[in-house]
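Asker: Got a structure for you, my_file-v6.json, holding JSON, C-alpha atoms and all ligand atoms.
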```json
[["chain", "number", "residue", "atom", "x", "y", "z"],
["G", 146, "MET", "CA", 4.94, 21.84, 18.07],
["G", 147, "SER", "CA", 7.92, 19.82, 16.74],
["G", 148, "ALA", "CA", 8.20, 19.30, 12.98],
["G", 149, "GLU", "CA", 7.57, 15.56, 13.39],
["G", 150, "VAL", "CA", 4.36, 16.04, 15.37],
["G", 151, "ASP", "CA", 3.31, 18.63, 12.83],
["G", 152, "VAL", "CA", 3.79, 16.16, 9.96],
["G", 153, "LYS", "CA", 1.75, 13.47, 11.72],
["G", 154, "GLN", "CA", -1.02, 15.93, 12.50],
["G", 155, "GLN", "CA", -1.11, 16.86, 8.83],
["G", 156, "VAL", "CA", -1.26, 13.18, 7.76],
["G", 157, "ARG", "CA", -4.00, 12.41, 10.28],
["G", 158, "GLU", "CA", -6.09, 15.37, 9.12],
["G", 159, "PHE", "CA", -5.65, 14.35, 5.51],
["G", 160, "TYR", "CA", -6.96, 10.82, 6.12],
["G", 161, "ASP", "CA", -9.77, 11.95, 8.45],
["G", 162, "ARG", "CA", -11.04, 14.66, 6.12],
["G", 163, "VAL", "CA", -10.12, 13.41, 2.66],
["G", 164, "GLY", "CA", -8.47, 9.98, 2.28],
["G", 165, "TRP", "CA", -11.14, 7.96, 4.06],
["G", 166, "GLN", "CA", -14.14, 9.93, 2.84],
["G", 167, "MET", "CA", -16.34, 8.05, 0.41],
["G", 168, "VAL", "CA", -16.42, 9.80, -2.93],
["G", 169, "GLU", "CA", -18.92, 7.87, -4.98],
["G", 170, "GLY", "CA", -20.53, 4.51, -4.50],
["G", 171, "ASP", "CA", -18.33, 2.57, -2.13],
["G", 172, "LEU", "CA", -14.97, 4.09, -3.10],
["G", 173, "TYR", "CA", -12.72, 6.02, -0.75],
["G", 174, "GLN", "CA", -10.83, 9.02, -2.08],
["G", 175, "ASN", "CA", -7.69, 6.96, -1.38],
["G", 176, "ALA", "CA", -8.69, 4.64, -4.26],
["G", 177, "HIS", "CA", -7.36, 7.46, -6.44],
["G", 178, "TYR", "CA", -3.92, 5.89, -5.88],
["G", 179, "GLU", "CA", -4.94, 2.44, -7.13],
["G", 180, "ASP", "CA", -5.73, 1.14, -10.60],
["G", 181, "LEU", "CA", -9.20, -0.35, -10.22],
["G", 182, "ARG", "CA", -9.85, -1.06, -13.91],
["G", 183, "PRO", "CA", -11.00, -4.59, -14.76],
["G", 184, "VAL", "CA", -7.94, -5.17, -16.96],
["G", 185, "SER", "CA", -5.62, -4.94, -13.94],
["G", 186, "SER", "CA", -7.87, -6.52, -11.33],
["G", 187, "GLU", "CA", -6.61, -10.12, -11.56],
["G", 188, "TYR", "CA", -2.96, -9.04, -11.27],
["G", 189, "ILE", "CA", -3.67, -6.69, -8.37],
["G", 190, "HIS", "CA", -5.76, -9.33, -6.59],
["G", 191, "ARG", "CA", -2.94, -11.88, -6.85],
["G", 192, "CYS", "CA", -0.36, -9.37, -5.62],
["G", 193, "HIS", "CA", -2.51, -8.63, -2.55],
["G", 194, "LEU", "CA", -2.64, -12.34, -1.76],
["G", 195, "ARG", "CA", 1.16, -12.56, -1.73],
["G", 196, "VAL", "CA", 1.11, -10.99, 1.74],
["G", 197, "ALA", "CA", -1.01, -13.82, 3.18],
["G", 198, "ARG", "CA", 1.46, -16.51, 2.02],
["G", 199, "HIS", "CA", 4.07, -15.36, 4.48],
["G", 200, "LEU", "CA", 1.91, -14.85, 7.55],
["G", 201, "LYS", "CA", 1.03, -17.57, 10.02],
["G", 202, "SER", "CA", -2.39, -18.79, 9.07],
["G", 203, "SER", "CA", -3.76, -18.70, 12.63],
["G", 204, "GLY", "CA", -3.11, -17.19, 16.02],
["G", 205, "ARG", "CA", -4.65, -15.00, 18.71],
["G", 206, "PHE", "CA", -3.64, -11.47, 17.68],
["G", 207, "MET", "CA", -2.68, -10.10, 14.28],
["G", 208, "LEU", "CA", -1.52, -6.48, 14.12],
["G", 209, "ASP", "CA", -2.47, -4.28, 11.17],
["G", 210, "ALA", "CA", -0.29, -1.20, 11.69],
["G", 211, "GLY", "CA", -1.80, 1.67, 9.70],
["G", 212, "SER", "CA", -4.83, -0.45, 8.85],
["G", 213, "GLY", "CA", -6.91, 2.28, 7.22],
["G", 214, "PRO", "CA", -10.47, 0.99, 6.78],
["G", 215, "ILE", "CA", -9.22, -2.46, 5.55],
["G", 216, "GLN", "CA", -10.29, -1.22, 2.18],
["G", 217, "TYR", "CA", -9.72, -4.22, -0.11],
["G", 218, "PRO", "CA", -11.48, -7.58, 0.31],
["G", 219, "GLU", "CA", -8.16, -9.48, 0.06],
["G", 220, "TYR", "CA", -6.98, -7.74, 3.23],
["G", 221, "LEU", "CA", -9.66, -9.61, 5.19],
["G", 222, "ARG", "CA", -7.97, -12.92, 4.42],
["G", 223, "TYR", "CA", -4.79, -12.02, 6.29],
["G", 224, "SER", "CA", -6.49, -12.30, 9.68],
["G", 225, "GLN", "CA", -9.09, -14.96, 8.85],
["G", 226, "GLY", "CA", -7.52, -17.59, 11.10],
["G", 227, "TYR", "CA", -6.82, -15.20, 13.98],
["G", 228, "ARG", "CA", -9.05, -14.52, 16.96],
["G", 229, "PHE", "CA", -8.49, -10.73, 16.77],
["G", 230, "ARG", "CA", -7.17, -8.30, 14.19],
["G", 231, "VAL", "CA", -5.73, -5.32, 16.05],
["G", 232, "CYS", "CA", -6.13, -2.28, 13.83],
["G", 233, "ALA", "CA", -3.80, 0.57, 14.80],
["G", 234, "ASP", "CA", -4.06, 3.87, 12.95],
["G", 235, "ILE", "CA", -3.66, 7.58, 13.69],
["G", 236, "SER", "CA", -6.89, 8.29, 11.83],
["G", 237, "ILE", "CA", -10.05, 7.77, 13.86],
["G", 238, "VAL", "CA", -12.11, 7.78, 10.67],
["G", 239, "ALA", "CA", -10.00, 4.85, 9.38],
["G", 240, "LEU", "CA", -10.77, 2.87, 12.53],
["G", 241, "GLN", "CA", -14.48, 3.70, 12.47],
["G", 242, "GLU", "CA", -14.63, 2.45, 8.90],
["G", 243, "ALA", "CA", -12.58, -0.67, 9.75],
["G", 244, "ARG", "CA", -15.00, -1.46, 12.57],
["G", 245, "LYS", "CA", -17.91, -1.38, 10.12],
["G", 246, "ARG", "CA", -16.05, -4.01, 8.10],
["G", 247, "ILE", "CA", -14.87, -6.48, 10.75],
["G", 248, "GLY", "CA", -16.92, -5.72, 13.90],
["G", 249, "ASP", "CA", -16.06, -8.00, 16.82],
["G", 250, "HIS", "CA", -13.13, -9.59, 15.00],
["G", 251, "GLY", "CA", -11.34, -6.25, 15.40],
["G", 252, "LEU", "CA", -9.74, -4.32, 18.25],
["G", 253, "PHE", "CA", -9.24, -0.69, 17.31],
["G", 254, "VAL", "CA", -6.46, 1.49, 18.68],
["G", 255, "VAL", "CA", -5.56, 5.05, 17.78],
["G", 256, "ALA", "CA", -1.78, 4.75, 17.73],
["G", 257, "ASP", "CA", 1.38, 5.93, 16.04],
["G", 258, "VAL", "CA", 3.23, 3.20, 14.14],
["G", 259, "ALA", "CA", 6.52, 4.72, 15.32],
["G", 260, "ASN", "CA", 5.47, 4.35, 18.99],
["G", 261, "LEU", "CA", 3.35, 1.21, 19.22],
["G", 262, "PRO", "CA", 1.59, 0.94, 22.61],
["G", 263, "PHE", "CA", 1.74, -2.88, 22.80],
["G", 264, "LYS", "CA", 3.68, -5.41, 24.86],
["G", 265, "ASP", "CA", 6.66, -7.24, 23.39],
["G", 266, "GLU", "CA", 6.03, -10.34, 21.26],
["G", 267, "VAL", "CA", 2.22, -10.40, 21.47],
["G", 268, "PHE", "CA", 1.39, -10.62, 17.76],
["G", 269, "GLU", "CA", 1.71, -13.87, 15.84],
["G", 270, "GLY", "CA", 1.20, -11.96, 12.62],
["G", 271, "VAL", "CA", 1.98, -8.34, 11.68],
["G", 272, "VAL", "CA", 1.19, -6.38, 8.53],
["G", 273, "SER", "CA", 1.94, -2.75, 7.77],
["G", 274, "LEU", "CA", 0.90, -1.72, 4.29],
["G", 275, "HIS", "CA", 1.66, 1.66, 2.70],
["G", 276, "THR", "CA", 2.04, 3.35, 6.10],
["G", 277, "ILE", "CA", 5.68, 3.75, 7.17],
["G", 278, "HIS", "CA", 6.21, 6.12, 4.22],
["G", 279, "HIS", "CA", 3.97, 8.65, 6.01],
["G", 280, "LEU", "CA", 6.55, 9.01, 8.79],
["G", 281, "PRO", "CA", 9.49, 11.41, 8.64],
["G", 282, "GLU", "CA", 12.50, 9.45, 7.33],
["G", 283, "ALA", "CA", 14.27, 9.68, 10.66],
["G", 284, "GLN", "CA", 11.49, 7.60, 12.29],
["G", 285, "HIS", "CA", 11.35, 4.75, 9.77],
["G", 286, "GLY", "CA", 13.97, 2.71, 11.65],
["G", 287, "GLN", "CA", 12.09, 3.20, 14.92],
["G", 288, "ALA", "CA", 8.87, 1.96, 13.24],
["G", 289, "TYR", "CA", 10.53, -1.23, 11.92],
["G", 290, "GLN", "CA", 12.08, -1.78, 15.35],
["G", 291, "GLY", "CA", 8.62, -1.44, 16.95],
["G", 292, "LEU", "CA", 7.05, -3.95, 14.55],
["G", 293, "TYR", "CA", 9.89, -6.38, 15.32],
["G", 294, "ARG", "CA", 9.51, -5.84, 19.07],
["G", 295, "VAL", "CA", 5.80, -6.72, 19.15],
["G", 296, "LEU", "CA", 6.20, -9.70, 16.79],
["G", 297, "ALA", "CA", 5.99, -13.09, 18.55],
["G", 298, "ARG", "CA", 8.78, -15.64, 18.15],
["G", 299, "HIS", "CA", 8.63, -17.93, 15.11],
["G", 300, "SER", "CA", 6.46, -15.36, 13.33],
["G", 301, "THR", "CA", 6.68, -13.05, 10.34],
["G", 302, "ALA", "CA", 5.83, -9.40, 9.76],
["G", 303, "ALA", "CA", 5.00, -8.21, 6.23],
["G", 304, "VAL", "CA", 5.69, -4.58, 5.33],
["G", 305, "VAL", "CA", 4.78, -2.98, 1.99],
["G", 306, "ASN", "CA", 5.95, 0.49, 0.94],
["G", 307, "GLY", "CA", 7.08, 1.82, -2.43],
["G", 308, "TRP", "CA", 10.73, 2.55, -3.23],
["G", 309, "PRO", "CA", 11.62, 6.21, -3.93],
["G", 310, "THR", "CA", 12.68, 5.13, -7.42],
["G", 311, "SER", "CA", 12.42, 1.83, -9.26],
["G", 312, "ARG", "CA", 15.03, 0.80, -11.84],
["G", 313, "LEU", "CA", 12.39, -1.11, -13.75],
["G", 314, "MET", "CA", 9.95, 1.78, -13.84],
["G", 315, "GLN", "CA", 12.72, 4.16, -14.90],
["G", 316, "VAL", "CA", 13.33, 2.01, -17.98],
["G", 317, "PHE", "CA", 9.68, 2.34, -18.98],
["G", 318, "ASN", "CA", 9.38, 6.03, -18.10],
["G", 319, "PRO", "CA", 9.84, 7.37, -21.66],
["G", 320, "LEU", "CA", 7.14, 4.99, -22.91],
["G", 321, "VAL", "CA", 4.79, 5.99, -20.10],
["G", 322, "ARG", "CA", 5.36, 9.68, -20.88],
["G", 323, "LEU", "CA", 4.74, 9.07, -24.57],
["G", 324, "ALA", "CA", 1.52, 7.15, -23.87],
["G", 325, "ASN", "CA", 0.29, 9.92, -21.58],
["G", 326, "ARG", "CA", 1.07, 12.59, -24.18],
["G", 327, "LEU", "CA", -0.77, 10.63, -26.86],
["G", 328, "ARG", "CA", -3.75, 10.23, -24.55],
["G", 329, "SER", "CA", -3.87, 13.96, -23.75],
["G", 330, "PHE", "CA", -3.58, 14.76, -27.43],
["G", 331, "ALA", "CA", -6.41, 12.36, -28.30],
["G", 332, "GLN", "CA", -8.56, 13.79, -25.55],
["G", 333, "ARG", "CA", -8.01, 17.34, -26.76],
["G", 334, "ARG", "CA", -8.86, 16.30, -30.30],
["G", 335, "LEU", "CA", -11.94, 14.41, -29.24],
["G", 336, "GLY", "CA", -12.91, 17.04, -26.69],
["G", 337, "ARG", "CA", -13.64, 14.47, -24.03],
["G", 338, "SER", "CA", -11.92, 12.52, -21.30],
["G", 339, "ALA", "CA", -13.29, 9.07, -22.02],
["G", 340, "SER", "CA", -9.97, 7.28, -21.60],
["G", 341, "GLN", "CA", -9.24, 8.79, -18.21],
["G", 342, "PRO", "CA", -9.13, 6.12, -15.53],
["G", 343, "GLU", "CA", -12.57, 5.90, -13.92],
["G", 344, "VAL", "CA", -11.22, 6.11, -10.41],
["G", 345, "ALA", "CA", -9.16, 9.19, -11.06],
["G", 346, "GLN", "CA", -12.31, 10.82, -12.41],
["G", 347, "VAL", "CA", -14.33, 9.80, -9.40],
["G", 348, "ALA", "CA", -11.63, 10.90, -6.99],
["G", 349, "LYS", "CA", -11.65, 14.38, -8.46],
["G", 350, "LYS", "CA", -15.18, 14.72, -7.14],
["G", 351, "ALA", "CA", -14.05, 13.99, -3.56],
["G", 352, "LYS", "CA", -15.69, 16.40, -1.16],
["G", 353, "PRO", "CA", -13.90, 17.02, 2.12],
["G", 354, "ALA", "CA", -15.93, 17.46, 5.32],
["G", 355, "ASN", "CA", -15.14, 21.19, 5.25],
["G", 356, "LYS", "CA", -15.77, 23.14, 2.07],
["G", 357, "LYS", "CA", -12.12, 24.08, 1.45],
["G", 358, "LYS", "CA", -10.43, 22.63, -1.63],
["G", 359, "ALA", "CA", -9.24, 19.13, -0.73],
["G", 360, "PRO", "CA", -5.50, 18.47, -0.94],
["G", 361, "LYS", "CA", -4.70, 15.67, -3.39],
["G", 362, "GLY", "CA", -2.19, 13.92, -1.17],
["G", 363, "THR", "CA", -0.18, 14.15, 1.99],
["G", 364, "PHE", "CA", 3.37, 13.83, 3.34],
["G", 365, "THR", "CA", 5.47, 10.83, 2.27],
["G", 366, "GLN", "CA", 9.17, 9.98, 2.50],
["G", 367, "ARG", "CA", 10.79, 6.78, 1.27],
["G", 368, "HIS", "CA", 14.05, 4.94, 1.80],
["G", 369, "GLY", "CA", 15.76, 2.85, -0.89],
["G", 370, "VAL", "CA", 16.95, -0.75, -1.12],
["G", 371, "SER", "CA", 20.38, -0.26, 0.42],
["G", 372, "TRP", "CA", 18.93, 1.55, 3.44],
["G", 373, "VAL", "CA", 16.54, -1.35, 4.12],
["G", 374, "LYS", "CA", 19.31, -3.90, 3.66],
["G", 375, "ASN", "CA", 21.87, -2.08, 5.79],
["G", 376, "GLU", "CA", 19.86, -0.23, 8.43],
["G", 377, "ILE", "CA", 17.01, -2.68, 8.95],
["G", 378, "GLY", "CA", 18.86, -5.82, 7.85],
["G", 379, "GLY", "CA", 21.59, -4.93, 10.37],
["G", 380, "ARG", "CA", 19.09, -5.04, 13.23],
["G", 381, "MET", "CA", 16.74, -7.91, 12.32],
["G", 382, "PRO", "CA", 16.37, -10.67, 9.70],
["G", 383, "VAL", "CA", 14.93, -9.09, 6.57],
["G", 384, "GLU", "CA", 14.03, -10.50, 3.16],
["G", 385, "ILE", "CA", 13.04, -8.30, 0.23],
["G", 386, "ARG", "CA", 10.60, -9.98, -2.16],
["G", 387, "VAL", "CA", 8.25, -8.57, -4.74],
["G", 388, "TRP", "CA", 4.78, -7.33, -3.83],
["G", 389, "ARG", "CA", 4.06, -5.63, -7.14],
["G", 390, "SER", "CA", 6.69, -4.50, -9.58],
["G", 391, "VAL", "CA", 4.74, -1.94, -11.59],
["G", 392, "SER", "CA", 3.38, 1.44, -10.53],
["G", 393, "VAL", "CA", -0.18, 2.64, -10.99],
["G", 394, "ARG", "CA", 1.16, 5.24, -13.43],
["G", 395, "PHE", "CA", 2.65, 2.45, -15.54],
["G", 396, "LEU", "CA", -0.57, 0.41, -15.44],
["G", 397, "ARG", "CA", -2.79, 3.32, -16.44],
["G", 398, "ALA", "CA", -0.53, 4.39, -19.25],
["G", 399, "LEU", "CA", 0.46, 1.08, -20.80],
["G", 400, "VAL", "CA", -1.91, -1.67, -19.74],
["G", 401, "HIS", "CA", -5.11, -1.73, -21.78],
["G", 402, "PRO", "CA", -7.46, -4.51, -22.89],
["G", 403, "TRP", "CA", -6.87, -3.66, -26.55],
["G", 404, "LEU", "CA", -3.11, -4.06, -26.04],
["G", 405, "GLY", "CA", -3.45, -7.52, -24.47],
["G", 406, "GLY", "CA", -3.01, -5.98, -21.02],
["G", 407, "ARG", "CA", -4.47, -8.91, -19.12],
["G", 408, "TRP", "CA", -2.02, -11.33, -20.77],
["G", 409, "PHE", "CA", 0.89, -9.01, -20.26],
["G", 410, "LEU", "CA", 0.11, -8.89, -16.54],
["G", 411, "ARG", "CA", -0.23, -12.68, -16.35],
["G", 412, "ILE", "CA", 3.26, -13.04, -17.83],
["G", 413, "LEU", "CA", 4.63, -10.36, -15.54],
["G", 414, "PHE", "CA", 3.13, -12.09, -12.51],
["G", 415, "ARG", "CA", 4.79, -15.37, -13.53],
["G", 416, "LEU", "CA", 8.14, -13.65, -13.94],
["G", 417, "GLU", "CA", 7.74, -12.05, -10.52],
["G", 418, "GLU", "CA", 7.02, -15.48, -9.04],
["G", 419, "HIS", "CA", 10.20, -16.87, -10.59],
["G", 420, "PHE", "CA", 12.44, -13.97, -9.64],
["G", 421, "PRO", "CA", 10.87, -12.50, -6.47],
["G", 422, "HIS", "CA", 14.08, -10.97, -5.18],
["G", 423, "TYR", "CA", 15.04, -9.30, -8.45],
["G", 424, "PHE", "CA", 11.58, -7.76, -8.87],
["G", 425, "GLY", "CA", 11.42, -6.93, -5.16],
["G", 426, "GLU", "CA", 14.58, -4.83, -5.38],
["G", 427, "ASN", "CA", 14.10, -3.35, -8.84],
["G", 428, "GLY", "CA", 10.33, -3.01, -9.15],
["G", 429, "GLN", "CA", 8.11, -0.38, -7.57],
["G", 430, "TYR", "CA", 6.77, -2.09, -4.45],
["G", 431, "PRO", "CA", 8.68, -4.57, -2.32],
["G", 432, "LEU", "CA", 7.26, -6.96, 0.23],
["G", 433, "ILE", "CA", 9.64, -6.66, 3.16],
["G", 434, "LEU", "CA", 9.50, -9.73, 5.37],
["G", 435, "ILE", "CA", 10.82, -9.63, 8.91],
["G", 436, "THR", "CA", 11.09, -12.87, 10.81],
["G", 437, "LYS", "CA", 11.74, -13.60, 14.45],
["G", 438, "ASP", "CA", 13.07, -17.05, 15.30],
["G", 501, "LIG", "C1", -2.05, 4.76, 2.41],
["G", 501, "LIG", "S1", -3.04, 4.39, 3.80],
["G", 501, "LIG", "C2", -2.90, 2.61, 3.82],
["G", 501, "LIG", "C3", -4.01, 1.97, 4.57],
["G", 501, "LIG", "C4", -4.01, 0.44, 4.47],
["G", 501, "LIG", "N1", -2.86, -0.13, 5.13],
["G", 501, "LIG", "C5", -4.05, 0.02, 3.02],
["G", 501, "LIG", "O1", -3.06, -0.53, 2.53],
["G", 501, "LIG", "O2", -5.08, 0.25, 2.38],
["G", 501, "LIG", "C6", -2.02, 4.86, 5.14],
["G", 501, "LIG", "C7", -2.67, 4.68, 6.52],
["G", 501, "LIG", "O3", -1.68, 4.87, 7.51],
["G", 501, "LIG", "C8", -2.18, 5.69, 8.53],
["G", 501, "LIG", "N2", -1.04, 6.37, 9.15],
["G", 501, "LIG", "C9", -0.30, 7.37, 8.65],
["G", 501, "LIG", "N3", 0.67, 7.72, 9.51],
["G", 501, "LIG", "C10", 0.52, 6.90, 10.59],
["G", 501, "LIG", "C11", 1.22, 6.76, 11.83],
["G", 501, "LIG", "N4", 2.26, 7.55, 12.15],
["G", 501, "LIG", "N5", 0.78, 5.83, 12.70],
["G", 501, "LIG", "C12", -0.28, 5.03, 12.41],
["G", 501, "LIG", "N6", -0.96, 5.11, 11.27],
["G", 501, "LIG", "C13", -0.57, 6.03, 10.36],
["G", 501, "LIG", "C14", -3.14, 6.63, 7.82],
["G", 501, "LIG", "O4", -4.07, 7.19, 8.72],
["G", 501, "LIG", "C15", -3.77, 5.69, 6.81],
["G", 501, "LIG", "O5", -4.90, 5.06, 7.33]]
```
Have the structure of the file written as structure tokens, please.
Answerer:
Amino acid sequence: MSAEVDVKQQVREFYDRVGWQMVEGDLYQNAHYEDLRPVSSEYIHRCHLRVARHLKSSGRFMLDAGSGPIQYPEYLRYSQGYRFRVCADISIVALQEARKRIGDHGLFVVADVANLPFKDEVFEGVVSLHTIHHLPEAQHGQAYQGLYRVLARHSTAAVVNGWPTSRLMQVFNPLVRLANRLRSFAQRRLGRSASQPEVAQVAKKAKPANKKKAPKGTFTQRHGVSWVKNEIGGRMPVEIRVWRSVSVRFLRALVHPWLGGRWFLRILFRLEEHFPHYFGENGQYPLILITKD
């Protein structure tokens, strides 16, 4: 088995057995990677909706490449005006869960985002969120090329993936580390873990289908800003805007209700709206827009 097939097999198994298993209530283990605290919810909600702004509001087919189970309610809006949302994922569990959510509005295809089994220019809208980073680096270009190939003319594809490093997050790193140390210290002193993020606590209880200890994560590889500009921008029209400029680690460490966290995030959102390209390139998560004229 080639190393690339091996990696994909490993990613698929992770999502089938762990990532898309419900842990408690209606949360997937994958929610471990998101900040679901009320203090951050408005900001996160508004960042999710940024994707919809750039997609055509209606059409016949919208592709969701690496759809997962369509886990957040905002995701449903992207395809609201389309006849079908085509969910493509290597995880069958993801697609089974997505079907529960959208039923007849969906068409469900087990497929590799680096080898999309669709005709040229059939999708009037394309999204691929947090998926290309699961491919070996050498296949990222091929995946972007595939998304561009299946995109219809006069349409836009929206791709979200984190950068390997973010200049903005690096600036705040010492503060994040300090906040985390203080929290650990307080927890040791108090002998409890009350300030641990709820979701992280819940995720720890994730039980895989088999009884072996569940891995916490799976393979990821990321390219930086200049690679996207040069490699992808050299092949198709690309714009890098902000999706969300702060990481979950930053949110959990520094954004709290008692520190005016909700207001801080409102101001941050406004700044991101005013300077989308700066925050897109220097923040944690860009929204990469590909257009075909
Ligand atoms: C982090 S999850 C994101 C899911 C969803 N897009 C979201 O934002 O919630 C990554 C998804 O990509 C899928 N995936 C990983 N590698 C893939 C590949 N080579 N082809 C298609 N899907 C893939 C996984 O099975 C998983 O459902």
Asker: Name each residue within 7 Å of ligand LIG 501 (chain G), counting only C-alpha atoms and all ligand atoms, as a count of residues only.
Answerer: 28
Asker: Could you pull out every residue with an atom within 12 Å of (-0.5, -8.8, -13.4), file coordinates, counting only C-alpha atoms, and send them as a tab-separated table (two decimals) with C-alpha atoms, in the frame of the given file?
Answerer:
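Dumped to selection-v6.tsv:
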```tsv
chain	number	residue	atom	x	y	z
G	180	ASP	CA	-5.73	1.14	-10.60
G	183	PRO	CA	-11.00	-4.59	-14.76
G	184	VAL	CA	-7.94	-5.17	-16.96
G	185	SER	CA	-5.62	-4.94	-13.94
G	186	SER	CA	-7.87	-6.52	-11.33
G	187	GLU	CA	-6.61	-10.12	-11.56
G	188	TYR	CA	-2.96	-9.04	-11.27
G	189	ILE	CA	-3.67	-6.69	-8.37
G	190	HIS	CA	-5.76	-9.33	-6.59
G	191	ARG	CA	-2.94	-11.88	-6.85
G	192	CYS	CA	-0.36	-9.37	-5.62
G	193	HIS	CA	-2.51	-8.63	-2.55
G	388	TRP	CA	4.78	-7.33	-3.83
G	389	ARG	CA	4.06	-5.63	-7.14
G	390	SER	CA	6.69	-4.50	-9.58
G	391	VAL	CA	4.74	-1.94	-11.59
G	392	SER	CA	3.38	1.44	-10.53
G	393	VAL	CA	-0.18	2.64	-10.99
G	395	PHE	CA	2.65	2.45	-15.54
G	396	LEU	CA	-0.57	0.41	-15.44
G	400	VAL	CA	-1.91	-1.67	-19.74
G	401	HIS	CA	-5.11	-1.73	-21.78
G	405	GLY	CA	-3.45	-7.52	-24.47
G	406	GLY	CA	-3.01	-5.98	-21.02
G	407	ARG	CA	-4.47	-8.91	-19.12
G	408	TRP	CA	-2.02	-11.33	-20.77
G	409	PHE	CA	0.89	-9.01	-20.26
G	410	LEU	CA	0.11	-8.89	-16.54
G	411	ARG	CA	-0.23	-12.68	-16.35
G	412	ILE	CA	3.26	-13.04	-17.83
G	413	LEU	CA	4.63	-10.36	-15.54
G	414	PHE	CA	3.13	-12.09	-12.51
G	415	ARG	CA	4.79	-15.37	-13.53
G	416	LEU	CA	8.14	-13.65	-13.94
G	417	GLU	CA	7.74	-12.05	-10.52
G	418	GLU	CA	7.02	-15.48	-9.04
```
Asker: Which distance in Å separates CA of Asp161 in chain G and CA of Val238 in chain G, to one decimal?
Answerer: 5.3 Å
Asker: Taking 2 positions as the minimum chain separation for residues in the same chain, which residues sit within 8 Å of Gly204 in chain G when counting all atoms listed in the file? Answer as a ChimeraX atom specification.
Answerer: /G:201-202,206-207,226-228,269-270
Asker: Please list as a ChimeraX atom specification every residue within 10 Å of range 357-374 of chain G, counting all atoms listed in the file and excluding residues in the same chain fewer than 5 positions away.
Answerer: /G:152-153,155-160,162-164,174-175,177-178,275-283,285-286,289,306-311,348-352,379-385,425-427,431,433
Asker: Taking 2 positions as the minimum chain separation for residues in the same chain, which residues sit within 7 Å of range 294-301 of chain G when counting all atoms listed in the file? Answer as a list of chain:residue names.
Answerer: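 Near range 294-301 of chain G, the qualifying residues are G:His199, G:Leu200, G:Lys201, G:Phe263, G:Lys264, G:Asp265, G:Glu266, G:Val267, G:Phe268, G:Glu269, G:Gly270, G:Val271, G:Gln290, G:Gly291, G:Leu292, G:Ala303, G:Leu434, G:Ile435, G:Thr436, G:Lys437, G:Asp438.
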Asker: List the residues sitting within 12 Å of (-16.0, -4.2, 14.2) in the file's frame, using only C-alpha atoms, as a PyMOL selection string.
Answerer: chain G and resi 214-215+229-232+239-254
Asker: Here is a test: counting all atoms listed in the file, which residue of G:Gly170, G:Pro262, G:Pro402, G:Pro421 is nearest to Leu208 in chain G?
Answerer: G:Pro262
Asker: Considering all atoms listed in the file, return as a PyMOL selection string whatever protein or nucleic-acid residues lie within 7 Å of range 322-336 of chain G, sequence-local ones (same chain, fewer than 3 positions apart) excluded.
Answerer: chain G and resi 318-319+398-399
Asker: Quote the spacing between CA of Phe317 in chain G and CA of Gly428 in chain G in Å to one decimal place.
Answerer: 11.2 Å
Asker: Would you mind putting N, CA, C and O atoms back on range 151-158 of chain G and writing the result as a tab-separated table (two decimals), keeping the file's coordinate frame?
Answerer:
```
chain	number	residue	atom	x	y	z
G	151	ASP	N	4.02	17.84	13.84
G	151	ASP	CA	3.31	18.63	12.83
G	151	ASP	C	2.99	17.80	11.59
G	151	ASP	O	1.87	17.81	11.08
G	152	VAL	N	3.98	17.01	11.14
G	152	VAL	CA	3.79	16.16	9.96
G	152	VAL	C	2.69	15.13	10.24
G	152	VAL	O	1.80	14.91	9.42
G	153	LYS	N	2.74	14.51	11.40
G	153	LYS	CA	1.75	13.47	11.72
G	153	LYS	C	0.35	14.04	11.83
G	153	LYS	O	-0.63	13.43	11.41
G	154	GLN	N	0.28	15.23	12.39
G	154	GLN	CA	-1.02	15.93	12.50
G	154	GLN	C	-1.60	16.17	11.10
G	154	GLN	O	-2.78	15.95	10.84
G	155	GLN	N	-0.70	16.58	10.21
G	155	GLN	CA	-1.11	16.86	8.83
G	155	GLN	C	-1.60	15.57	8.13
G	155	GLN	O	-2.61	15.57	7.46
G	156	VAL	N	-0.88	14.47	8.37
G	156	VAL	CA	-1.26	13.18	7.76
G	156	VAL	C	-2.60	12.72	8.33
G	156	VAL	O	-3.50	12.30	7.59
G	157	ARG	N	-2.74	12.84	9.64
G	157	ARG	CA	-4.00	12.41	10.28
G	157	ARG	C	-5.19	13.21	9.71
G	157	ARG	O	-6.21	12.66	9.35
G	158	GLU	N	-4.99	14.53	9.64
G	158	GLU	CA	-6.09	15.37	9.12
G	158	GLU	C	-6.44	15.01	7.69
G	158	GLU	O	-7.59	14.98	7.30
```
